$ cat coords.pdb   # PDB, N, CA, C and O atoms
ATOM      1  N   MET A   1    -172.562 226.690-142.567
ATOM      2  CA  MET A   1    -171.412 226.196-141.829
ATOM      3  C   MET A   1    -171.752 226.009-140.348
ATOM      4  O   MET A   1    -171.518 224.955-139.793
ATOM      5  N   LYS A   2    -172.306 227.040-139.732
ATOM      6  CA  LYS A   2    -172.594 226.960-138.300
ATOM      7  C   LYS A   2    -173.606 225.869-137.997
ATOM      8  O   LYS A   2    -173.449 225.126-137.017
ATOM      9  N   GLU A   3    -174.634 225.729-138.837
ATOM     10  CA  GLU A   3    -175.666 224.725-138.594
ATOM     11  C   GLU A   3    -175.081 223.315-138.637
ATOM     12  O   GLU A   3    -175.401 222.468-137.802
ATOM     13  N   LYS A   4    -174.211 223.066-139.622
ATOM     14  CA  LYS A   4    -173.563 221.753-139.734
ATOM     15  C   LYS A   4    -172.649 221.497-138.547
ATOM     16  O   LYS A   4    -172.569 220.379-138.043
ATOM     17  N   LEU A   5    -171.966 222.527-138.101
ATOM     18  CA  LEU A   5    -171.102 222.377-136.937
ATOM     19  C   LEU A   5    -171.923 222.033-135.700
ATOM     20  O   LEU A   5    -171.559 221.135-134.938
ATOM     21  N   VAL A   6    -173.019 222.719-135.495
ATOM     22  CA  VAL A   6    -173.891 222.437-134.346
ATOM     23  C   VAL A   6    -174.400 220.995-134.413
ATOM     24  O   VAL A   6    -174.416 220.289-133.400
ATOM     25  N   GLU A   7    -174.786 220.531-135.584
ATOM     26  CA  GLU A   7    -175.218 219.130-135.744
ATOM     27  C   GLU A   7    -174.107 218.180-135.313
ATOM     28  O   GLU A   7    -174.357 217.196-134.609
ATOM     29  N   GLN A   8    -172.885 218.462-135.744
ATOM     30  CA  GLN A   8    -171.754 217.601-135.402
ATOM     31  C   GLN A   8    -171.465 217.640-133.909
ATOM     32  O   GLN A   8    -171.214 216.606-133.291
ATOM     33  N   LEU A   9    -171.502 218.809-133.305
ATOM     34  CA  LEU A   9    -171.237 218.912-131.873
ATOM     35  C   LEU A   9    -172.314 218.204-131.061
ATOM     36  O   LEU A   9    -172.003 217.516-130.077
ATOM     37  N   ASP A  10    -173.559 218.340-131.461
ATOM     38  CA  ASP A  10    -174.639 217.629-130.765
ATOM     39  C   ASP A  10    -174.468 216.119-130.898
ATOM     40  O   ASP A  10    -174.718 215.370-129.949
ATOM     41  N   ARG A  11    -174.031 215.687-132.067
ATOM     42  CA  ARG A  11    -173.781 214.253-132.288
ATOM     43  C   ARG A  11    -172.654 213.766-131.375
ATOM     44  O   ARG A  11    -172.743 212.696-130.776
ATOM     45  N   LYS A  12    -171.594 214.546-131.268
ATOM     46  CA  LYS A  12    -170.483 214.166-130.396
ATOM     47  C   LYS A  12    -170.904 214.168-128.926
ATOM     48  O   LYS A  12    -170.456 213.315-128.154
ATOM     49  N   LEU A  13    -171.773 215.085-128.533
ATOM     50  CA  LEU A  13    -172.293 215.055-127.154
ATOM     51  C   LEU A  13    -173.022 213.753-126.876
ATOM     52  O   LEU A  13    -172.845 213.142-125.813
ATOM     53  N   GLU A  14    -173.834 213.316-127.819
ATOM     54  CA  GLU A  14    -174.562 212.054-127.645
ATOM     55  C   GLU A  14    -173.593 210.873-127.597
ATOM     56  O   GLU A  14    -173.757 209.964-126.787
ATOM     57  N   GLN A  15    -172.570 210.895-128.430
ATOM     58  CA  GLN A  15    -171.583 209.819-128.407
ATOM     59  C   GLN A  15    -170.845 209.788-127.071
ATOM     60  O   GLN A  15    -170.545 208.713-126.543
ATOM     61  N   ILE A  16    -170.573 210.950-126.516
ATOM     62  CA  ILE A  16    -169.909 211.001-125.211
ATOM     63  C   ILE A  16    -170.820 210.445-124.129
ATOM     64  O   ILE A  16    -170.385 209.688-123.266
ATOM     65  N   ARG A  17    -172.082 210.803-124.166
ATOM     66  CA  ARG A  17    -173.033 210.263-123.176
ATOM     67  C   ARG A  17    -173.062 208.740-123.247
ATOM     68  O   ARG A  17    -173.040 208.059-122.216
ATOM     69  N   LEU A  18    -173.110 208.210-124.446
ATOM     70  CA  LEU A  18    -173.126 206.751-124.620
ATOM     71  C   LEU A  18    -171.808 206.134-124.156
ATOM     72  O   LEU A  18    -171.811 205.099-123.482
ATOM     73  N   ALA A  19    -170.696 206.759-124.507
ATOM     74  CA  ALA A  19    -169.391 206.232-124.113
ATOM     75  C   ALA A  19    -169.241 206.180-122.596
ATOM     76  O   ALA A  19    -168.688 205.214-122.064
ATOM     77  N   MET A  20    -169.730 207.195-121.912
ATOM     78  CA  MET A  20    -169.584 207.246-120.455
ATOM     79  C   MET A  20    -170.376 206.145-119.764
ATOM     80  O   MET A  20    -170.122 205.844-118.604
ATOM     81  N   ASN A  21    -171.302 205.531-120.477
ATOM     82  CA  ASN A  21    -172.098 204.439-119.905
ATOM     83  C   ASN A  21    -171.578 203.061-120.297
ATOM     84  O   ASN A  21    -172.247 202.067-120.049
ATOM     85  N   THR A  22    -170.381 202.989-120.898
ATOM     86  CA  THR A  22    -169.892 201.702-121.374
ATOM     87  C   THR A  22    -168.931 201.010-120.425
ATOM     88  O   THR A  22    -168.471 199.925-120.712
ATOM     89  N   GLY A  23    -168.594 201.624-119.336
ATOM     90  CA  GLY A  23    -167.677 200.976-118.400
ATOM     91  C   GLY A  23    -166.372 201.731-118.276
ATOM     92  O   GLY A  23    -166.276 202.922-118.591
ATOM     93  N   GLU A  24    -165.335 201.012-117.855
ATOM     94  CA  GLU A  24    -164.079 201.655-117.487
ATOM     95  C   GLU A  24    -163.352 202.325-118.649
ATOM     96  O   GLU A  24    -162.600 203.266-118.452
ATOM     97  N   ASN A  25    -163.535 201.871-119.870
ATOM     98  CA  ASN A  25    -162.885 202.502-121.014
ATOM     99  C   ASN A  25    -163.706 203.659-121.575
ATOM    100  O   ASN A  25    -163.274 204.327-122.497
ATOM    101  N   GLY A  26    -164.868 203.903-121.006
ATOM    102  CA  GLY A  26    -165.747 204.951-121.507
ATOM    103  C   GLY A  26    -165.142 206.334-121.493
ATOM    104  O   GLY A  26    -165.348 207.120-122.420
ATOM    105  N   VAL A  27    -164.374 206.650-120.470
ATOM    106  CA  VAL A  27    -163.770 207.978-120.378
ATOM    107  C   VAL A  27    -162.791 208.184-121.528
ATOM    108  O   VAL A  27    -162.758 209.254-122.134
ATOM    109  N   ASN A  28    -162.001 207.162-121.837
ATOM    110  CA  ASN A  28    -161.044 207.287-122.942
ATOM    111  C   ASN A  28    -161.769 207.534-124.263
ATOM    112  O   ASN A  28    -161.342 208.369-125.059
ATOM    113  N   MET A  29    -162.849 206.825-124.491
ATOM    114  CA  MET A  29    -163.625 207.039-125.714
ATOM    115  C   MET A  29    -164.241 208.434-125.710
ATOM    116  O   MET A  29    -164.246 209.122-126.727
ATOM    117  N   ALA A  30    -164.758 208.852-124.562
ATOM    118  CA  ALA A  30    -165.378 210.176-124.459
ATOM    119  C   ALA A  30    -164.364 211.280-124.739
ATOM    120  O   ALA A  30    -164.678 212.253-125.429
ATOM    121  N   VAL A  31    -163.158 211.136-124.229
ATOM    122  CA  VAL A  31    -162.116 212.136-124.476
ATOM    123  C   VAL A  31    -161.767 212.181-125.964
ATOM    124  O   VAL A  31    -161.545 213.266-126.521
ATOM    125  N   ALA A  32    -161.753 211.030-126.624
ATOM    126  CA  ALA A  32    -161.499 211.007-128.062
ATOM    127  C   ALA A  32    -162.595 211.765-128.815
ATOM    128  O   ALA A  32    -162.310 212.529-129.743
ATOM    129  N   PHE A  33    -163.853 211.582-128.408
ATOM    130  CA  PHE A  33    -164.953 212.310-129.038
ATOM    131  C   PHE A  33    -164.863 213.808-128.746
ATOM    132  O   PHE A  33    -165.157 214.642-129.599
ATOM    133  N   TYR A  34    -164.447 214.157-127.542
ATOM    134  CA  TYR A  34    -164.230 215.562-127.174
ATOM    135  C   TYR A  34    -163.175 216.185-128.087
ATOM    136  O   TYR A  34    -163.350 217.295-128.604
ATOM    137  N   ASP A  35    -162.073 215.457-128.282
ATOM    138  CA  ASP A  35    -161.015 215.945-129.163
ATOM    139  C   ASP A  35    -161.513 216.122-130.591
ATOM    140  O   ASP A  35    -161.161 217.089-131.270
ATOM    141  N   GLN A  36    -162.338 215.194-131.048
ATOM    142  CA  GLN A  36    -162.903 215.301-132.395
ATOM    143  C   GLN A  36    -163.802 216.530-132.504
ATOM    144  O   GLN A  36    -163.780 217.241-133.520
ATOM    145  N   ALA A  37    -164.588 216.776-131.480
ATOM    146  CA  ALA A  37    -165.470 217.947-131.487
ATOM    147  C   ALA A  37    -164.655 219.231-131.545
ATOM    148  O   ALA A  37    -164.961 220.145-132.318
ATOM    149  N   PHE A  38    -163.597 219.299-130.735
ATOM    150  CA  PHE A  38    -162.751 220.493-130.768
ATOM    151  C   PHE A  38    -162.086 220.648-132.129
ATOM    152  O   PHE A  38    -161.956 221.760-132.642
ATOM    153  N   GLY A  39    -161.688 219.537-132.739
ATOM    154  CA  GLY A  39    -161.106 219.590-134.077
ATOM    155  C   GLY A  39    -162.086 220.155-135.094
ATOM    156  O   GLY A  39    -161.708 220.924-135.984
ATOM    157  N   ALA A  40    -163.353 219.778-134.972
ATOM    158  CA  ALA A  40    -164.381 220.314-135.878
ATOM    159  C   ALA A  40    -164.520 221.819-135.689
ATOM    160  O   ALA A  40    -164.644 222.568-136.667
ATOM    161  N   VAL A  41    -164.483 222.268-134.449
ATOM    162  CA  VAL A  41    -164.566 223.710-134.169
ATOM    163  C   VAL A  41    -163.348 224.426-134.728
ATOM    164  O   VAL A  41    -163.462 225.492-135.359
ATOM    165  N   GLU A  42    -162.188 223.839-134.524
ATOM    166  CA  GLU A  42    -160.958 224.444-135.028
ATOM    167  C   GLU A  42    -160.987 224.561-136.555
ATOM    168  O   GLU A  42    -160.638 225.605-137.118
ATOM    169  N   LEU A  43    -161.430 223.512-137.230
ATOM    170  CA  LEU A  43    -161.526 223.547-138.689
ATOM    171  C   LEU A  43    -162.539 224.595-139.146
ATOM    172  O   LEU A  43    -162.261 225.382-140.049
ATOM    173  N   ALA A  44    -163.700 224.613-138.519
ATOM    174  CA  ALA A  44    -164.736 225.583-138.903
ATOM    175  C   ALA A  44    -164.246 227.008-138.714
ATOM    176  O   ALA A  44    -164.475 227.876-139.567
ATOM    177  N   SER A  45    -163.559 227.267-137.625
ATOM    178  CA  SER A  45    -163.064 228.630-137.407
ATOM    179  C   SER A  45    -161.970 228.970-138.420
ATOM    180  O   SER A  45    -161.916 230.088-138.925
ATOM    181  N   TRP A  46    -161.140 228.013-138.750
ATOM    182  CA  TRP A  46    -160.092 228.257-139.739
ATOM    183  C   TRP A  46    -160.680 228.536-141.125
ATOM    184  O   TRP A  46    -160.203 229.394-141.846
ATOM    185  N   LEU A  47    -161.744 227.807-141.475
ATOM    186  CA  LEU A  47    -162.368 227.993-142.781
ATOM    187  C   LEU A  47    -163.116 229.324-142.900
ATOM    188  O   LEU A  47    -163.374 229.789-144.003
ATOM    189  N   THR A  48    -163.470 229.919-141.780
ATOM    190  CA  THR A  48    -164.280 231.146-141.826
ATOM    191  C   THR A  48    -163.520 232.418-141.474
ATOM    192  O   THR A  48    -164.020 233.510-141.746
ATOM    193  N   TYR A  49    -162.339 232.308-140.889
ATOM    194  CA  TYR A  49    -161.705 233.508-140.322
ATOM    195  C   TYR A  49    -161.398 234.600-141.337
ATOM    196  O   TYR A  49    -161.477 235.771-140.996
ATOM    197  N   GLU A  50    -161.051 234.249-142.564
ATOM    198  CA  GLU A  50    -160.720 235.296-143.547
ATOM    199  C   GLU A  50    -161.962 235.955-144.134
ATOM    200  O   GLU A  50    -162.047 237.167-144.214
ATOM    201  N   ASP A  51    -162.911 235.132-144.562
ATOM    202  CA  ASP A  51    -164.086 235.653-145.256
ATOM    203  C   ASP A  51    -165.192 236.125-144.325
ATOM    204  O   ASP A  51    -166.019 236.940-144.706
ATOM    205  N   SER A  52    -165.214 235.573-143.126
ATOM    206  CA  SER A  52    -166.296 235.911-142.211
ATOM    207  C   SER A  52    -165.777 235.932-140.770
ATOM    208  O   SER A  52    -166.078 235.034-139.976
ATOM    209  N   PRO A  53    -164.998 236.933-140.411
ATOM    210  CA  PRO A  53    -164.428 236.963-139.065
ATOM    211  C   PRO A  53    -165.472 236.997-137.952
ATOM    212  O   PRO A  53    -165.237 236.474-136.864
ATOM    213  N   GLU A  54    -166.637 237.567-138.228
ATOM    214  CA  GLU A  54    -167.689 237.575-137.202
ATOM    215  C   GLU A  54    -168.220 236.166-136.947
ATOM    216  O   GLU A  54    -168.512 235.799-135.808
ATOM    217  N   LEU A  55    -168.343 235.381-138.013
ATOM    218  CA  LEU A  55    -168.775 233.979-137.846
ATOM    219  C   LEU A  55    -167.720 233.198-137.092
ATOM    220  O   LEU A  55    -168.043 232.385-136.226
ATOM    221  N   GLU A  56    -166.459 233.455-137.372
ATOM    222  CA  GLU A  56    -165.401 232.782-136.628
ATOM    223  C   GLU A  56    -165.516 233.097-135.135
ATOM    224  O   GLU A  56    -165.445 232.205-134.286
ATOM    225  N   LYS A  57    -165.716 234.359-134.802
ATOM    226  CA  LYS A  57    -165.875 234.744-133.394
ATOM    227  C   LYS A  57    -167.080 234.062-132.771
ATOM    228  O   LYS A  57    -167.039 233.613-131.620
ATOM    229  N   GLU A  58    -168.171 233.980-133.529
ATOM    230  CA  GLU A  58    -169.384 233.326-133.030
ATOM    231  C   GLU A  58    -169.137 231.844-132.768
ATOM    232  O   GLU A  58    -169.582 231.292-131.752
ATOM    233  N   ILE A  59    -168.420 231.186-133.663
ATOM    234  CA  ILE A  59    -168.102 229.766-133.498
ATOM    235  C   ILE A  59    -167.248 229.562-132.252
ATOM    236  O   ILE A  59    -167.513 228.665-131.440
ATOM    237  N   LEU A  60    -166.245 230.396-132.086
ATOM    238  CA  LEU A  60    -165.371 230.257-130.918
ATOM    239  C   LEU A  60    -166.108 230.562-129.613
ATOM    240  O   LEU A  60    -165.905 229.879-128.608
ATOM    241  N   ARG A  61    -166.983 231.560-129.645
ATOM    242  CA  ARG A  61    -167.808 231.850-128.456
ATOM    243  C   ARG A  61    -168.720 230.667-128.134
ATOM    244  O   ARG A  61    -168.882 230.299-126.963
ATOM    245  N   MET A  62    -169.314 230.101-129.167
ATOM    246  CA  MET A  62    -170.210 228.956-128.989
ATOM    247  C   MET A  62    -169.458 227.804-128.327
ATOM    248  O   MET A  62    -169.968 227.161-127.416
ATOM    249  N   TRP A  63    -168.238 227.562-128.769
ATOM    250  CA  TRP A  63    -167.444 226.489-128.167
ATOM    251  C   TRP A  63    -167.069 226.828-126.719
ATOM    252  O   TRP A  63    -167.320 226.048-125.814
ATOM    253  N   ASN A  64    -166.495 228.003-126.521
ATOM    254  CA  ASN A  64    -165.984 228.368-125.197
ATOM    255  C   ASN A  64    -167.075 228.572-124.156
ATOM    256  O   ASN A  64    -166.891 228.212-122.987
ATOM    257  N   ASP A  65    -168.205 229.136-124.556
ATOM    258  CA  ASP A  65    -169.249 229.504-123.593
ATOM    259  C   ASP A  65    -170.367 228.479-123.464
ATOM    260  O   ASP A  65    -171.170 228.577-122.536
ATOM    261  N   GLU A  66    -170.440 227.527-124.387
ATOM    262  CA  GLU A  66    -171.562 226.587-124.360
ATOM    263  C   GLU A  66    -171.098 225.139-124.483
ATOM    264  O   GLU A  66    -171.217 224.363-123.532
ATOM    265  N   TYR A  67    -170.575 224.789-125.635
ATOM    266  CA  TYR A  67    -170.300 223.376-125.890
ATOM    267  C   TYR A  67    -169.162 222.812-125.059
ATOM    268  O   TYR A  67    -169.269 221.708-124.530
ATOM    269  N   ARG A  68    -168.062 223.516-124.927
ATOM    270  CA  ARG A  68    -166.943 223.015-124.122
ATOM    271  C   ARG A  68    -167.409 222.687-122.712
ATOM    272  O   ARG A  68    -167.071 221.644-122.157
ATOM    273  N   ILE A  69    -168.228 223.555-122.167
ATOM    274  CA  ILE A  69    -168.747 223.357-120.812
ATOM    275  C   ILE A  69    -169.603 222.102-120.746
ATOM    276  O   ILE A  69    -169.483 221.301-119.807
ATOM    277  N   LYS A  70    -170.469 221.903-121.731
ATOM    278  CA  LYS A  70    -171.313 220.704-121.761
ATOM    279  C   LYS A  70    -170.471 219.436-121.838
ATOM    280  O   LYS A  70    -170.727 218.461-121.119
ATOM    281  N   PHE A  71    -169.483 219.447-122.728
ATOM    282  CA  PHE A  71    -168.624 218.274-122.885
ATOM    283  C   PHE A  71    -167.883 217.964-121.582
ATOM    284  O   PHE A  71    -167.871 216.828-121.127
ATOM    285  N   GLU A  72    -167.261 218.964-121.003
ATOM    286  CA  GLU A  72    -166.464 218.755-119.811
ATOM    287  C   GLU A  72    -167.304 218.330-118.626
ATOM    288  O   GLU A  72    -166.864 217.523-117.802
ATOM    289  N   LYS A  73    -168.522 218.812-118.536
ATOM    290  CA  LYS A  73    -169.403 218.410-117.445
ATOM    291  C   LYS A  73    -169.736 216.919-117.542
ATOM    292  O   LYS A  73    -169.755 216.218-116.526
ATOM    293  N   ILE A  74    -170.000 216.449-118.748
ATOM    294  CA  ILE A  74    -170.328 215.033-118.931
ATOM    295  C   ILE A  74    -169.117 214.155-118.602
ATOM    296  O   ILE A  74    -169.233 213.138-117.916
ATOM    297  N   ILE A  75    -167.949 214.570-119.077
ATOM    298  CA  ILE A  75    -166.758 213.725-118.907
ATOM    299  C   ILE A  75    -166.194 213.828-117.497
ATOM    300  O   ILE A  75    -165.903 212.806-116.858
ATOM    301  N   TRP A  76    -165.992 215.026-117.006
ATOM    302  CA  TRP A  76    -165.283 215.207-115.739
ATOM    303  C   TRP A  76    -166.169 215.698-114.587
ATOM    304  O   TRP A  76    -165.685 215.889-113.471
ATOM    305  N   GLY A  77    -167.437 215.900-114.877
ATOM    306  CA  GLY A  77    -168.372 216.286-113.842
ATOM    307  C   GLY A  77    -168.392 217.713-113.445
ATOM    308  O   GLY A  77    -167.849 218.634-113.734
TER     309      GLY A  77
END

$ encode --input "coords.pdb" --output "structure tokens"
Amino acid sequence: MKEKLVEQLDRKLEQIRLAMNTGENGVNMAVAFYDQAFGAVELASWLTYEDSPELEKEILRMWNDEYRIKFEKIIWG
């Protein structure tokens, strides 16, 4: 689960980088990709919270301490 989530988040980071280079509508596209990435994290944490609460905590830490920061830096600087 975590490995697939990391693949998806890395893919969304690349899509955001590309979107930010497309011109004036790039930010809107990047925010949509950011929302999709957060949705993936939310789903992954929901799917793991009962059977693997430690994995859920790890996923949320990964988002809050690493990926969210990367996404926001690209979009909002």

$ resolve_selection --input "coords.pdb" --expression "the PyMOL selection byres (((chain A and resi 59-69 and name CA) around 8) and name CA)" --output "VMD selection string"
chain A and resid 2 9 41 44 to 45 55 to 58 70 to 73

$ residues_near_point --input "coords.pdb" --point "(-167.4, 220.0, -138.7)" --cutoff "6 Å" --atoms "only C-alpha atoms" --output "MDAnalysis selection string"
chainID A and resid 5 8 40

$ write_last_selection --input "coords.pdb" --atoms "N, CA, C and O atoms" --output "PDB file, keeping the file's coordinate frame"
ATOM      1  N   LEU A   5    -171.966 222.527-138.101  1.00  0.00           N
ATOM      2  CA  LEU A   5    -171.102 222.377-136.937  1.00  0.00           C
ATOM      3  C   LEU A   5    -171.923 222.033-135.700  1.00  0.00           C
ATOM      4  O   LEU A   5    -171.559 221.135-134.938  1.00  0.00           O
ATOM      5  N   GLN A   8    -172.885 218.462-135.744  1.00  0.00           N
ATOM      6  CA  GLN A   8    -171.754 217.601-135.402  1.00  0.00           C
ATOM      7  C   GLN A   8    -171.465 217.640-133.909  1.00  0.00           C
ATOM      8  O   GLN A   8    -171.214 216.606-133.291  1.00  0.00           O
ATOM      9  N   ALA A  40    -163.353 219.778-134.972  1.00  0.00           N
ATOM     10  CA  ALA A  40    -164.381 220.314-135.878  1.00  0.00           C
ATOM     11  C   ALA A  40    -164.520 221.819-135.689  1.00  0.00           C
ATOM     12  O   ALA A  40    -164.644 222.568-136.667  1.00  0.00           O
TER      13      ALA A  40
END

$ atom_distance --input "coords.pdb" --atom1 "atom CA of A:Lys4" --atom2 "atom CA of A:Tyr34"
16.8 Å

$ closest_residue --input "coords.pdb" --among "A:Lys12, A:Pro53, A:Glu7, A:Met1" --to "A:Phe33" --atoms "only C-alpha atoms"
A:Lys12

$ atom_distance --input "coords.pdb" --atom1 "atom CA of A:Thr22" --atom2 "atom CA of A:Gly77"
16.5 Å

$ atom_distance --input "coords.pdb" --atom1 "atom C of A:Tyr49" --atom2 "atom O of A:Met29"
29.5 Å
